$ cat my_file_6.pdb   # PDB, C-alpha atoms
ATOM      1  CA  ALA F   6      31.541  27.200  68.801
ATOM      2  CA  GLN F   7      31.358  24.691  66.010
ATOM      3  CA  SER F   8      34.207  24.145  63.537
ATOM      4  CA  VAL F   9      34.931  21.982  60.499
ATOM      5  CA  THR F  10      38.096  20.359  59.206
ATOM      6  CA  GLN F  11      38.316  19.038  55.679
ATOM      7  CA  LEU F  12      41.269  16.746  55.684
ATOM      8  CA  ASP F  13      42.193  16.936  51.997
ATOM      9  CA  SER F  14      42.608  20.197  50.112
ATOM     10  CA  GLN F  15      42.831  18.440  46.736
ATOM     11  CA  VAL F  16      41.653  15.041  45.539
ATOM     12  CA  PRO F  17      42.549  13.955  41.986
ATOM     13  CA  VAL F  18      40.840  10.821  40.699
ATOM     14  CA  PHE F  19      40.243   9.132  37.381
ATOM     15  CA  GLU F  20      36.799   8.968  35.836
ATOM     16  CA  GLU F  21      34.659   6.054  37.076
ATOM     17  CA  ALA F  22      36.828   5.589  40.167
ATOM     18  CA  PRO F  23      35.333   5.832  43.679
ATOM     19  CA  VAL F  24      36.041   8.885  45.806
ATOM     20  CA  GLU F  25      35.797   9.889  49.452
ATOM     21  CA  LEU F  26      36.058  13.470  50.665
ATOM     22  CA  ARG F  27      36.716  13.599  54.375
ATOM     23  CA  CYS F  28      35.126  15.967  56.867
ATOM     24  CA  ASN F  29      35.430  16.136  60.655
ATOM     25  CA  TYR F  30      33.591  18.575  62.869
ATOM     26  CA  SER F  31      33.836  19.849  66.400
ATOM     27  CA  SER F  32      30.870  20.808  68.525
ATOM     28  CA  SER F  33      29.691  20.419  72.088
ATOM     29  CA  VAL F  34      26.028  20.091  71.126
ATOM     30  CA  SER F  35      23.895  18.369  68.518
ATOM     31  CA  VAL F  36      24.508  19.606  64.997
ATOM     32  CA  TYR F  37      23.162  19.690  61.496
ATOM     33  CA  LEU F  38      25.674  18.753  58.784
ATOM     34  CA  PHE F  39      25.819  19.791  55.152
ATOM     35  CA  TRP F  40      27.827  19.345  51.986
ATOM     36  CA  TYR F  41      27.851  22.136  49.418
ATOM     37  CA  VAL F  42      29.320  22.054  45.916
ATOM     38  CA  GLN F  43      30.763  24.954  43.954
ATOM     39  CA  TYR F  44      31.267  24.333  40.251
ATOM     40  CA  PRO F  45      33.746  26.557  38.403
ATOM     41  CA  ASN F  46      32.465  30.130  38.154
ATOM     42  CA  GLN F  47      29.211  29.275  39.937
ATOM     43  CA  GLY F  48      27.757  29.879  43.378
ATOM     44  CA  LEU F  49      27.478  27.439  46.264
ATOM     45  CA  GLN F  50      24.766  24.796  45.921
ATOM     46  CA  LEU F  51      23.441  22.501  48.613
ATOM     47  CA  LEU F  52      24.379  18.895  47.809
ATOM     48  CA  LEU F  53      22.962  17.039  50.806
ATOM     49  CA  LYS F  54      22.245  17.442  54.500
ATOM     50  CA  TYR F  55      21.949  15.465  57.713
ATOM     51  CA  LEU F  56      19.445  16.697  60.287
ATOM     52  CA  SER F  57      18.436  13.586  62.231
ATOM     53  CA  GLY F  58      17.307  10.006  61.704
ATOM     54  CA  SER F  59      19.130   7.758  59.256
ATOM     55  CA  THR F  60      22.839   8.431  59.383
ATOM     56  CA  LEU F  61      23.239   7.819  55.643
ATOM     57  CA  VAL F  62      21.984  10.591  53.392
ATOM     58  CA  GLU F  63      22.030  10.718  49.606
ATOM     59  CA  SER F  64      21.985  13.348  46.879
ATOM     60  CA  ILE F  65      20.192  13.131  43.553
ATOM     61  CA  ASN F  66      23.443  12.829  41.597
ATOM     62  CA  GLY F  67      24.840   9.738  43.322
ATOM     63  CA  PHE F  68      26.778  11.216  46.252
ATOM     64  CA  GLU F  69      26.168   9.970  49.772
ATOM     65  CA  ALA F  70      27.450  10.972  53.192
ATOM     66  CA  GLU F  71      27.389   9.164  56.496
ATOM     67  CA  PHE F  72      27.102  10.843  59.874
ATOM     68  CA  ASN F  73      29.325   9.171  62.449
ATOM     69  CA  LYS F  74      28.730  10.698  65.866
ATOM     70  CA  SER F  75      31.460   8.774  67.693
ATOM     71  CA  GLN F  76      34.072   9.891  65.169
ATOM     72  CA  THR F  77      32.475  13.321  64.625
ATOM     73  CA  SER F  78      32.742  12.788  60.895
ATOM     74  CA  PHE F  79      30.556  13.357  57.843
ATOM     75  CA  HIS F  80      32.527  11.963  54.903
ATOM     76  CA  LEU F  81      31.214  12.328  51.357
ATOM     77  CA  ARG F  82      31.452   9.390  48.951
ATOM     78  CA  LYS F  83      30.605   8.472  45.392
ATOM     79  CA  PRO F  84      31.183   4.988  43.967
ATOM     80  CA  SER F  85      31.926   6.163  40.433
ATOM     81  CA  VAL F  86      32.756   9.774  39.538
ATOM     82  CA  HIS F  87      32.239  11.634  36.268
ATOM     83  CA  ILE F  88      34.173  14.457  34.667
ATOM     84  CA  SER F  89      31.226  16.703  35.519
ATOM     85  CA  ASP F  90      31.806  16.132  39.256
ATOM     86  CA  THR F  91      34.929  18.297  39.068
ATOM     87  CA  ALA F  92      34.259  21.073  41.577
ATOM     88  CA  GLU F  93      35.057  22.439  45.021
ATOM     89  CA  TYR F  94      33.222  20.667  47.825
ATOM     90  CA  PHE F  95      32.571  22.292  51.196
ATOM     91  CA  CYS F  96      31.490  20.595  54.394
ATOM     92  CA  ALA F  97      29.518  22.726  56.842
ATOM     93  CA  VAL F  98      28.155  22.388  60.364
ATOM     94  CA  SER F  99      25.409  24.233  62.142
ATOM     95  CA  GLU F 100      24.616  24.031  65.836
ATOM     96  CA  ARG F 101      20.838  23.900  66.144
ATOM     97  CA  ASN F 102      19.345  27.214  65.015
ATOM     98  CA  ASN F 103      22.706  28.905  64.758
ATOM     99  CA  ASP F 104      24.728  30.030  61.786
ATOM    100  CA  MET F 105      26.649  27.631  59.567
ATOM    101  CA  ARG F 106      30.439  27.258  59.631
ATOM    102  CA  PHE F 107      32.324  25.923  56.627
ATOM    103  CA  GLY F 108      35.484  23.948  56.082
ATOM    104  CA  ALA F 109      38.250  25.195  53.809
ATOM    105  CA  GLY F 110      37.032  23.029  50.929
ATOM    106  CA  THR F 111      38.275  20.071  48.919
ATOM    107  CA  ARG F 112      38.980  20.485  45.234
ATOM    108  CA  LEU F 113      37.891  17.341  43.412
ATOM    109  CA  THR F 114      39.454  16.936  39.979
ATOM    110  CA  VAL F 115      38.201  14.075  37.833
ATOM    111  CA  LYS F 116      40.588  13.106  35.069
ATOM    112  CA  PRO F 117      39.677  11.134  31.926
TER     113      PRO F 117
ATOM    114  CA  ASP Q   5      11.235  33.751  42.605
ATOM    115  CA  THR Q   6      14.704  34.155  41.113
ATOM    116  CA  GLY Q   7      16.636  33.130  44.214
ATOM    117  CA  VAL Q   8      19.070  35.271  46.176
ATOM    118  CA  SER Q   9      20.237  38.355  44.276
ATOM    119  CA  GLN Q  10      23.363  40.321  45.005
ATOM    120  CA  ASP Q  11      24.381  43.644  43.563
ATOM    121  CA  PRO Q  12      26.844  44.572  42.213
ATOM    122  CA  ARG Q  13      28.541  41.442  40.881
ATOM    123  CA  HIS Q  14      31.915  43.135  40.836
ATOM    124  CA  LYS Q  15      33.280  46.206  42.566
ATOM    125  CA  ILE Q  16      36.718  47.753  42.195
ATOM    126  CA  THR Q  17      37.501  50.513  44.635
ATOM    127  CA  LYS Q  18      40.474  52.500  45.799
ATOM    128  CA  ARG Q  19      41.846  51.938  49.252
ATOM    129  CA  GLY Q  20      40.175  54.206  51.760
ATOM    130  CA  GLN Q  21      36.868  54.456  49.912
ATOM    131  CA  ASN Q  22      33.544  53.226  51.277
ATOM    132  CA  VAL Q  23      31.550  50.528  49.496
ATOM    133  CA  THR Q  24      28.041  49.160  49.960
ATOM    134  CA  PHE Q  25      26.655  45.864  48.738
ATOM    135  CA  ARG Q  26      23.035  44.829  48.520
ATOM    136  CA  CYS Q  27      21.397  41.442  48.972
ATOM    137  CA  ASP Q  28      17.804  40.524  48.137
ATOM    138  CA  PRO Q  29      16.914  37.178  49.722
ATOM    139  CA  ILE Q  30      14.194  34.770  48.698
ATOM    140  CA  SER Q  31      11.025  36.557  49.733
ATOM    141  CA  GLU Q  32       9.682  34.050  52.245
ATOM    142  CA  HIS Q  33      13.060  33.510  53.923
ATOM    143  CA  ASN Q  34      13.285  35.341  57.234
ATOM    144  CA  ARG Q  35      16.946  34.509  57.884
ATOM    145  CA  LEU Q  36      19.719  36.287  56.012
ATOM    146  CA  TYR Q  37      23.455  35.655  56.286
ATOM    147  CA  TRP Q  38      26.624  37.384  55.087
ATOM    148  CA  TYR Q  39      29.823  35.459  54.448
ATOM    149  CA  ARG Q  40      33.226  36.348  53.030
ATOM    150  CA  GLN Q  41      35.222  33.975  50.859
ATOM    151  CA  THR Q  42      38.835  34.406  49.834
ATOM    152  CA  LEU Q  43      40.656  32.357  47.218
ATOM    153  CA  GLY Q  44      41.221  28.779  48.328
ATOM    154  CA  GLN Q  45      39.167  29.139  51.481
ATOM    155  CA  GLY Q  46      35.677  28.265  52.575
ATOM    156  CA  PRO Q  47      33.091  30.926  53.332
ATOM    157  CA  GLU Q  48      33.727  32.727  56.626
ATOM    158  CA  PHE Q  49      30.714  33.802  58.644
ATOM    159  CA  LEU Q  50      30.270  37.560  59.104
ATOM    160  CA  THR Q  51      26.785  38.165  60.444
ATOM    161  CA  TYR Q  52      23.175  37.060  60.336
ATOM    162  CA  PHE Q  53      19.693  38.494  60.659
ATOM    163  CA  GLN Q  54      16.392  37.023  61.628
ATOM    164  CA  ASN Q  55      13.896  39.387  60.093
ATOM    165  CA  GLU Q  56      15.278  42.858  60.906
ATOM    166  CA  ALA Q  57      17.189  41.795  64.035
ATOM    167  CA  GLN Q  58      20.940  41.268  63.732
ATOM    168  CA  LEU Q  59      21.452  38.249  65.980
ATOM    169  CA  GLU Q  60      25.138  37.473  65.654
ATOM    170  CA  LYS Q  61      28.306  39.150  64.431
ATOM    171  CA  SER Q  62      31.669  37.518  63.858
ATOM    172  CA  ARG Q  63      34.895  38.912  65.276
ATOM    173  CA  LEU Q  64      35.886  39.267  61.617
ATOM    174  CA  LEU Q  65      33.355  42.078  61.403
ATOM    175  CA  SER Q  66      35.494  44.996  62.513
ATOM    176  CA  ASP Q  67      34.023  48.409  63.270
ATOM    177  CA  ARG Q  68      34.596  49.338  59.616
ATOM    178  CA  PHE Q  69      31.881  46.862  58.643
ATOM    179  CA  SER Q  70      28.182  47.414  59.208
ATOM    180  CA  ALA Q  71      25.170  45.477  58.033
ATOM    181  CA  GLU Q  72      21.525  46.374  58.061
ATOM    182  CA  ARG Q  73      18.230  44.779  57.189
ATOM    183  CA  PRO Q  74      15.853  47.654  57.852
ATOM    184  CA  LYS Q  75      12.509  46.089  57.005
ATOM    185  CA  GLY Q  76      13.375  42.444  57.261
ATOM    186  CA  SER Q  77      13.654  42.125  53.496
ATOM    187  CA  PHE Q  78      16.803  43.212  51.626
ATOM    188  CA  SER Q  79      20.088  43.765  53.421
ATOM    189  CA  THR Q  80      23.108  45.989  52.894
ATOM    190  CA  LEU Q  81      26.711  45.436  53.908
ATOM    191  CA  GLU Q  82      28.891  48.541  54.084
ATOM    192  CA  ILE Q  83      32.651  48.610  54.397
ATOM    193  CA  GLN Q  84      34.164  51.930  55.377
ATOM    194  CA  ARG Q  85      37.765  52.975  54.670
ATOM    195  CA  THR Q  86      38.448  49.852  52.605
ATOM    196  CA  GLU Q  87      41.795  48.104  52.903
ATOM    197  CA  GLN Q  88      43.498  45.720  50.483
ATOM    198  CA  GLY Q  89      42.801  42.889  52.895
ATOM    199  CA  ASP Q  90      39.080  43.426  52.331
ATOM    200  CA  SER Q  91      39.427  42.094  48.777
ATOM    201  CA  ALA Q  92      37.249  38.975  48.669
ATOM    202  CA  MET Q  93      33.973  37.529  47.454
ATOM    203  CA  TYR Q  94      31.114  38.641  49.697
ATOM    204  CA  LEU Q  95      28.328  36.087  49.781
ATOM    205  CA  CYS Q  96      24.767  36.477  50.925
ATOM    206  CA  ALA Q  97      22.507  33.558  51.771
ATOM    207  CA  SER Q  98      18.986  33.129  53.065
ATOM    208  CA  SER Q  99      16.950  30.389  54.661
ATOM    209  CA  ILE Q 100      13.650  29.749  56.384
ATOM    210  CA  THR Q 101      14.794  27.922  59.475
ATOM    211  CA  GLY Q 102      18.508  27.313  59.038
ATOM    212  CA  LYS Q 103      18.205  23.549  59.068
ATOM    213  CA  ASP Q 104      16.695  23.633  55.585
ATOM    214  CA  GLY Q 105      20.113  24.689  54.319
ATOM    215  CA  TYR Q 106      21.008  28.030  52.866
ATOM    216  CA  THR Q 107      20.411  29.371  49.379
ATOM    217  CA  PHE Q 108      23.404  31.420  48.320
ATOM    218  CA  GLY Q 109      23.607  34.296  45.913
ATOM    219  CA  SER Q 110      26.329  34.550  43.289
ATOM    220  CA  GLY Q 111      28.299  36.966  45.412
ATOM    221  CA  THR Q 112      29.902  40.386  45.039
ATOM    222  CA  ARG Q 113      33.589  40.300  44.195
ATOM    223  CA  LEU Q 114      35.389  43.233  45.813
ATOM    224  CA  THR Q 115      38.833  44.294  44.654
ATOM    225  CA  VAL Q 116      40.576  47.031  46.620
ATOM    226  CA  VAL Q 117      43.430  48.663  44.715
TER     227      VAL Q 117
END
$ encode --input "my_file_6.pdb" --output "structure tokens"
Amino acid sequence: AQSVTQLDSQVPVFEEAPVELRCNYSSSVSVYLFWYVQYPNQGLQLLLKYLSGSTLVESINGFEAEFNKSQTSFHLRKPSVHISDTAEYFCAVSERNNDMRFGAGTRLTVKP
Amino acid sequence: DTGVSQDPRHKITKRGQNVTFRCDPISEHNRLYWYRQTLGQGPEFLTYFQNEAQLEKSRLLSDRFSAERPKGSFSTLEIQRTEQGDSAMYLCASSITGKDGYTFGSGTRLTVV
């Protein structure tokens, strides 16, 4: 079965700095990959997803993630973060047509 | 459509009591999922339905847990003889195909005292 490892439980950064949240997955078959965001006291929201095709996918608020099959990774990046990006970020993997499994999450804290 | 609705938002119960949660998915979504999330952890898969058929259950879903989706629309999750370890946020999500990503509800926070 598929599994996800998020390598950093907490990432503190200063505003306008770049950030990378790391995610590695394990699966024996082709997968779909997702990043979800959970803002304080809110539910999980889909940030971006990789299904097939271009290995670089982008969100509407400036995040991007790159699927690397050889390294089984799907790291999330943003070149310049804002205070409003402070949230918990979850990486998730789904084997085709199966349920989704989540990592333990990375708490991103953006400091002024 | 108002998204995925879960009821109640909060539930406090005494150990040993039974509780039932309800989830109303987005109407055109035929897949429905239940997850459990504890503090500092990611959502853990419990079970999922395609229409009214329960297709997969996690080992986390002990025999005290049961889920139903009788007409392929709303779903219920019942926990019998609750234990303190059942305290968590119970999340429901729905999707059309799975690869479109899931839409999550706001969750039901269960506290067992």
$ resolve_selection --input "my_file_6.pdb" --expression "the PyMOL selection byres ((chain F and resi 27) around 8)" --output "number ranges by chain"
F: 11-13, 25-26, 28-29, 78-81
$ write_last_selection --input "my_file_6.pdb" --atoms "C-alpha atoms" --output "JSON list (two decimals), keeping the file's coordinate frame"
[["chain", "number", "residue", "atom", "x", "y", "z"],
["F", 11, "GLN", "CA", 38.32, 19.04, 55.68],
["F", 12, "LEU", "CA", 41.27, 16.75, 55.68],
["F", 13, "ASP", "CA", 42.19, 16.94, 52.00],
["F", 25, "GLU", "CA", 35.80, 9.89, 49.45],
["F", 26, "LEU", "CA", 36.06, 13.47, 50.66],
["F", 28, "CYS", "CA", 35.13, 15.97, 56.87],
["F", 29, "ASN", "CA", 35.43, 16.14, 60.66],
["F", 78, "SER", "CA", 32.74, 12.79, 60.90],
["F", 79, "PHE", "CA", 30.56, 13.36, 57.84],
["F", 80, "HIS", "CA", 32.53, 11.96, 54.90],
["F", 81, "LEU", "CA", 31.21, 12.33, 51.36]]
$ interface_residues --input "my_file_6.pdb" --of "chain Q" --to "chain F" --cutoff "6 Å" --atoms "all atoms listed in the file" --output "list in words"
Gln45, Gly46 and Ser110 of chain Q
$ resolve_selection --input "my_file_6.pdb" --expression "the PyMOL selection byres ((chain Q and resi 19-25) around 9)" --output "PDB file with C-alpha atoms, in the frame of the given file"
ATOM      1  CA  GLN Q  10      23.363  40.321  45.005  1.00  0.00           C
ATOM      2  CA  ASP Q  11      24.381  43.644  43.563  1.00  0.00           C
ATOM      3  CA  PRO Q  12      26.844  44.572  42.213  1.00  0.00           C
ATOM      4  CA  LYS Q  15      33.280  46.206  42.566  1.00  0.00           C
ATOM      5  CA  THR Q  17      37.501  50.513  44.635  1.00  0.00           C
ATOM      6  CA  LYS Q  18      40.474  52.500  45.799  1.00  0.00           C
ATOM      7  CA  ARG Q  26      23.035  44.829  48.520  1.00  0.00           C
ATOM      8  CA  CYS Q  27      21.397  41.442  48.972  1.00  0.00           C
ATOM      9  CA  SER Q  79      20.088  43.765  53.421  1.00  0.00           C
ATOM     10  CA  THR Q  80      23.108  45.989  52.894  1.00  0.00           C
ATOM     11  CA  LEU Q  81      26.711  45.436  53.908  1.00  0.00           C
ATOM     12  CA  GLU Q  82      28.891  48.541  54.084  1.00  0.00           C
ATOM     13  CA  ILE Q  83      32.651  48.610  54.397  1.00  0.00           C
ATOM     14  CA  GLN Q  84      34.164  51.930  55.377  1.00  0.00           C
ATOM     15  CA  ARG Q  85      37.765  52.975  54.670  1.00  0.00           C
ATOM     16  CA  THR Q  86      38.448  49.852  52.605  1.00  0.00           C
ATOM     17  CA  GLU Q  87      41.795  48.104  52.903  1.00  0.00           C
ATOM     18  CA  GLN Q  88      43.498  45.720  50.483  1.00  0.00           C
ATOM     19  CA  TYR Q  94      31.114  38.641  49.697  1.00  0.00           C
ATOM     20  CA  THR Q 112      29.902  40.386  45.039  1.00  0.00           C
ATOM     21  CA  VAL Q 116      40.576  47.031  46.620  1.00  0.00           C
ATOM     22  CA  VAL Q 117      43.430  48.663  44.715  1.00  0.00           C
TER      23      VAL Q 117
END
$ atom_distance --input "my_file_6.pdb" --atom1 "atom CA of Ser99 of chain Q" --atom2 "atom CA of Asn55 of chain Q"
10.9 Å
$ residues_near_point --input "my_file_6.pdb" --point "(24.1, 11.6, 46.0)" --cutoff "10 Å" --atoms "only C-alpha atoms" --output "list in words"
Leu52, Leu53, Val62, Glu63, Ser64, Ile65, Asn66, Gly67, Phe68, Glu69, Ala70, Leu81, Arg82, Lys83 and Pro84 of chain F
$ resolve_selection --input "my_file_6.pdb" --expression "the PyMOL selection byres ((chain Q and resi 98) around 12)" --output "short mmCIF file (atom, residue, chain, number, x, y, z; two decimals) with C-alpha atoms, keeping the file's coordinate frame"
data_model
loop_
_atom_site.label_atom_id
_atom_site.label_comp_id
_atom_site.auth_asym_id
_atom_site.auth_seq_id
_atom_site.Cartn_x
_atom_site.Cartn_y
_atom_site.Cartn_z
CA ASP F 104 24.73 30.03 61.79
CA MET F 105 26.65 27.63 59.57
CA GLY Q 7 16.64 33.13 44.21
CA VAL Q 8 19.07 35.27 46.18
CA SER Q 9 20.24 38.35 44.28
CA GLN Q 10 23.36 40.32 45.00
CA CYS Q 27 21.40 41.44 48.97
CA ASP Q 28 17.80 40.52 48.14
CA PRO Q 29 16.91 37.18 49.72
CA ILE Q 30 14.19 34.77 48.70
CA SER Q 31 11.02 36.56 49.73
CA GLU Q 32 9.68 34.05 52.24
CA HIS Q 33 13.06 33.51 53.92
CA ASN Q 34 13.28 35.34 57.23
CA ARG Q 35 16.95 34.51 57.88
CA LEU Q 36 19.72 36.29 56.01
CA TYR Q 37 23.46 35.66 56.29
CA TRP Q 38 26.62 37.38 55.09
CA TYR Q 39 29.82 35.46 54.45
CA THR Q 51 26.78 38.16 60.44
CA TYR Q 52 23.18 37.06 60.34
CA PHE Q 53 19.69 38.49 60.66
CA GLN Q 54 16.39 37.02 61.63
CA ASN Q 55 13.90 39.39 60.09
CA GLY Q 76 13.38 42.44 57.26
CA SER Q 77 13.65 42.12 53.50
CA PHE Q 78 16.80 43.21 51.63
CA SER Q 79 20.09 43.76 53.42
CA LEU Q 95 28.33 36.09 49.78
CA CYS Q 96 24.77 36.48 50.92
CA ALA Q 97 22.51 33.56 51.77
CA SER Q 99 16.95 30.39 54.66
CA ILE Q 100 13.65 29.75 56.38
CA THR Q 101 14.79 27.92 59.48
CA GLY Q 102 18.51 27.31 59.04
CA LYS Q 103 18.20 23.55 59.07
CA ASP Q 104 16.70 23.63 55.58
CA GLY Q 105 20.11 24.69 54.32
CA TYR Q 106 21.01 28.03 52.87
CA THR Q 107 20.41 29.37 49.38
CA PHE Q 108 23.40 31.42 48.32
CA GLY Q 109 23.61 34.30 45.91
#
$ atom_distance --input "my_file_6.pdb" --atom1 "atom CA of Pro17 of chain F" --atom2 "atom CA of Ala92 of chain F"
10.9 Å
$ build_atoms --input "my_file_6.pdb" --residues "segment 87-113 of chain F" --atoms "N, CA and C atoms" --output "PDB file, in the frame of the given file"
ATOM      1  N   HIS F  87      32.249  11.195  37.659  1.00  0.00           N
ATOM      2  CA  HIS F  87      32.239  11.634  36.268  1.00  0.00           C
ATOM      3  C   HIS F  87      33.044  12.914  36.145  1.00  0.00           C
ATOM      4  N   ILE F  88      33.457  13.203  34.919  1.00  0.00           N
ATOM      5  CA  ILE F  88      34.173  14.457  34.667  1.00  0.00           C
ATOM      6  C   ILE F  88      33.390  15.643  35.214  1.00  0.00           C
ATOM      7  N   SER F  89      32.076  15.593  35.094  1.00  0.00           N
ATOM      8  CA  SER F  89      31.226  16.703  35.519  1.00  0.00           C
ATOM      9  C   SER F  89      31.190  16.900  37.032  1.00  0.00           C
ATOM     10  N   ASP F  90      31.738  15.975  37.796  1.00  0.00           N
ATOM     11  CA  ASP F  90      31.806  16.132  39.256  1.00  0.00           C
ATOM     12  C   ASP F  90      32.972  17.015  39.683  1.00  0.00           C
ATOM     13  N   THR F  91      33.809  17.409  38.751  1.00  0.00           N
ATOM     14  CA  THR F  91      34.929  18.297  39.068  1.00  0.00           C
ATOM     15  C   THR F  91      34.399  19.602  39.638  1.00  0.00           C
ATOM     16  N   ALA F  92      34.791  19.908  40.867  1.00  0.00           N
ATOM     17  CA  ALA F  92      34.259  21.073  41.577  1.00  0.00           C
ATOM     18  C   ALA F  92      34.959  21.192  42.925  1.00  0.00           C
ATOM     19  N   GLU F  93      34.613  22.270  43.642  1.00  0.00           N
ATOM     20  CA  GLU F  93      35.057  22.439  45.021  1.00  0.00           C
ATOM     21  C   GLU F  93      33.920  21.990  45.922  1.00  0.00           C
ATOM     22  N   TYR F  94      34.236  21.191  46.925  1.00  0.00           N
ATOM     23  CA  TYR F  94      33.222  20.667  47.825  1.00  0.00           C
ATOM     24  C   TYR F  94      33.493  21.186  49.237  1.00  0.00           C
ATOM     25  N   PHE F  95      32.452  21.715  49.863  1.00  0.00           N
ATOM     26  CA  PHE F  95      32.571  22.292  51.196  1.00  0.00           C
ATOM     27  C   PHE F  95      31.667  21.557  52.171  1.00  0.00           C
ATOM     28  N   CYS F  96      32.248  21.159  53.288  1.00  0.00           N
ATOM     29  CA  CYS F  96      31.490  20.595  54.394  1.00  0.00           C
ATOM     30  C   CYS F  96      31.131  21.718  55.351  1.00  0.00           C
ATOM     31  N   ALA F  97      29.949  21.659  55.938  1.00  0.00           N
ATOM     32  CA  ALA F  97      29.518  22.726  56.842  1.00  0.00           C
ATOM     33  C   ALA F  97      28.758  22.135  58.018  1.00  0.00           C
ATOM     34  N   VAL F  98      28.839  22.827  59.150  1.00  0.00           N
ATOM     35  CA  VAL F  98      28.155  22.388  60.364  1.00  0.00           C
ATOM     36  C   VAL F  98      27.384  23.547  60.962  1.00  0.00           C
ATOM     37  N   SER F  99      26.229  23.224  61.493  1.00  0.00           N
ATOM     38  CA  SER F  99      25.409  24.233  62.142  1.00  0.00           C
ATOM     39  C   SER F  99      24.912  23.679  63.470  1.00  0.00           C
ATOM     40  N   GLU F 100      25.218  24.387  64.559  1.00  0.00           N
ATOM     41  CA  GLU F 100      24.616  24.031  65.836  1.00  0.00           C
ATOM     42  C   GLU F 100      23.167  24.492  65.785  1.00  0.00           C
ATOM     43  N   ARG F 101      22.270  23.724  66.357  1.00  0.00           N
ATOM     44  CA  ARG F 101      20.838  23.900  66.144  1.00  0.00           C
ATOM     45  C   ARG F 101      20.450  25.381  66.215  1.00  0.00           C
ATOM     46  N   ASN F 102      19.852  25.848  65.126  1.00  0.00           N
ATOM     47  CA  ASN F 102      19.345  27.214  65.015  1.00  0.00           C
ATOM     48  C   ASN F 102      20.409  28.298  65.027  1.00  0.00           C
ATOM     49  N   ASN F 103      21.641  27.913  64.864  1.00  0.00           N
ATOM     50  CA  ASN F 103      22.706  28.905  64.758  1.00  0.00           C
ATOM     51  C   ASN F 103      23.226  28.979  63.328  1.00  0.00           C
ATOM     52  N   ASP F 104      24.187  29.868  63.123  1.00  0.00           N
ATOM     53  CA  ASP F 104      24.728  30.030  61.786  1.00  0.00           C
ATOM     54  C   ASP F 104      25.588  28.841  61.405  1.00  0.00           C
ATOM     55  N   MET F 105      25.916  28.742  60.132  1.00  0.00           N
ATOM     56  CA  MET F 105      26.649  27.631  59.567  1.00  0.00           C
ATOM     57  C   MET F 105      28.130  27.998  59.444  1.00  0.00           C
ATOM     58  N   ARG F 106      29.000  27.049  59.795  1.00  0.00           N
ATOM     59  CA  ARG F 106      30.439  27.258  59.631  1.00  0.00           C
ATOM     60  C   ARG F 106      30.950  26.251  58.615  1.00  0.00           C
ATOM     61  N   PHE F 107      31.840  26.725  57.746  1.00  0.00           N
ATOM     62  CA  PHE F 107      32.324  25.923  56.627  1.00  0.00           C
ATOM     63  C   PHE F 107      33.766  25.489  56.811  1.00  0.00           C
ATOM     64  N   GLY F 108      34.097  24.357  56.196  1.00  0.00           N
ATOM     65  CA  GLY F 108      35.484  23.948  56.082  1.00  0.00           C
ATOM     66  C   GLY F 108      36.166  24.718  54.963  1.00  0.00           C
ATOM     67  N   ALA F 109      37.453  24.462  54.802  1.00  0.00           N
ATOM     68  CA  ALA F 109      38.250  25.195  53.809  1.00  0.00           C
ATOM     69  C   ALA F 109      38.024  24.689  52.396  1.00  0.00           C
ATOM     70  N   GLY F 110      37.348  23.546  52.250  1.00  0.00           N
ATOM     71  CA  GLY F 110      37.032  23.029  50.929  1.00  0.00           C
ATOM     72  C   GLY F 110      37.991  21.959  50.456  1.00  0.00           C
ATOM     73  N   THR F 111      37.471  21.100  49.590  1.00  0.00           N
ATOM     74  CA  THR F 111      38.275  20.071  48.919  1.00  0.00           C
ATOM     75  C   THR F 111      38.032  20.201  47.423  1.00  0.00           C
ATOM     76  N   ARG F 112      39.112  20.376  46.689  1.00  0.00           N
ATOM     77  CA  ARG F 112      38.980  20.485  45.234  1.00  0.00           C
ATOM     78  C   ARG F 112      39.065  19.096  44.626  1.00  0.00           C
ATOM     79  N   LEU F 113      37.950  18.636  44.086  1.00  0.00           N
ATOM     80  CA  LEU F 113      37.891  17.341  43.412  1.00  0.00           C
ATOM     81  C   LEU F 113      38.135  17.546  41.923  1.00  0.00           C
TER      82      LEU F 113
END
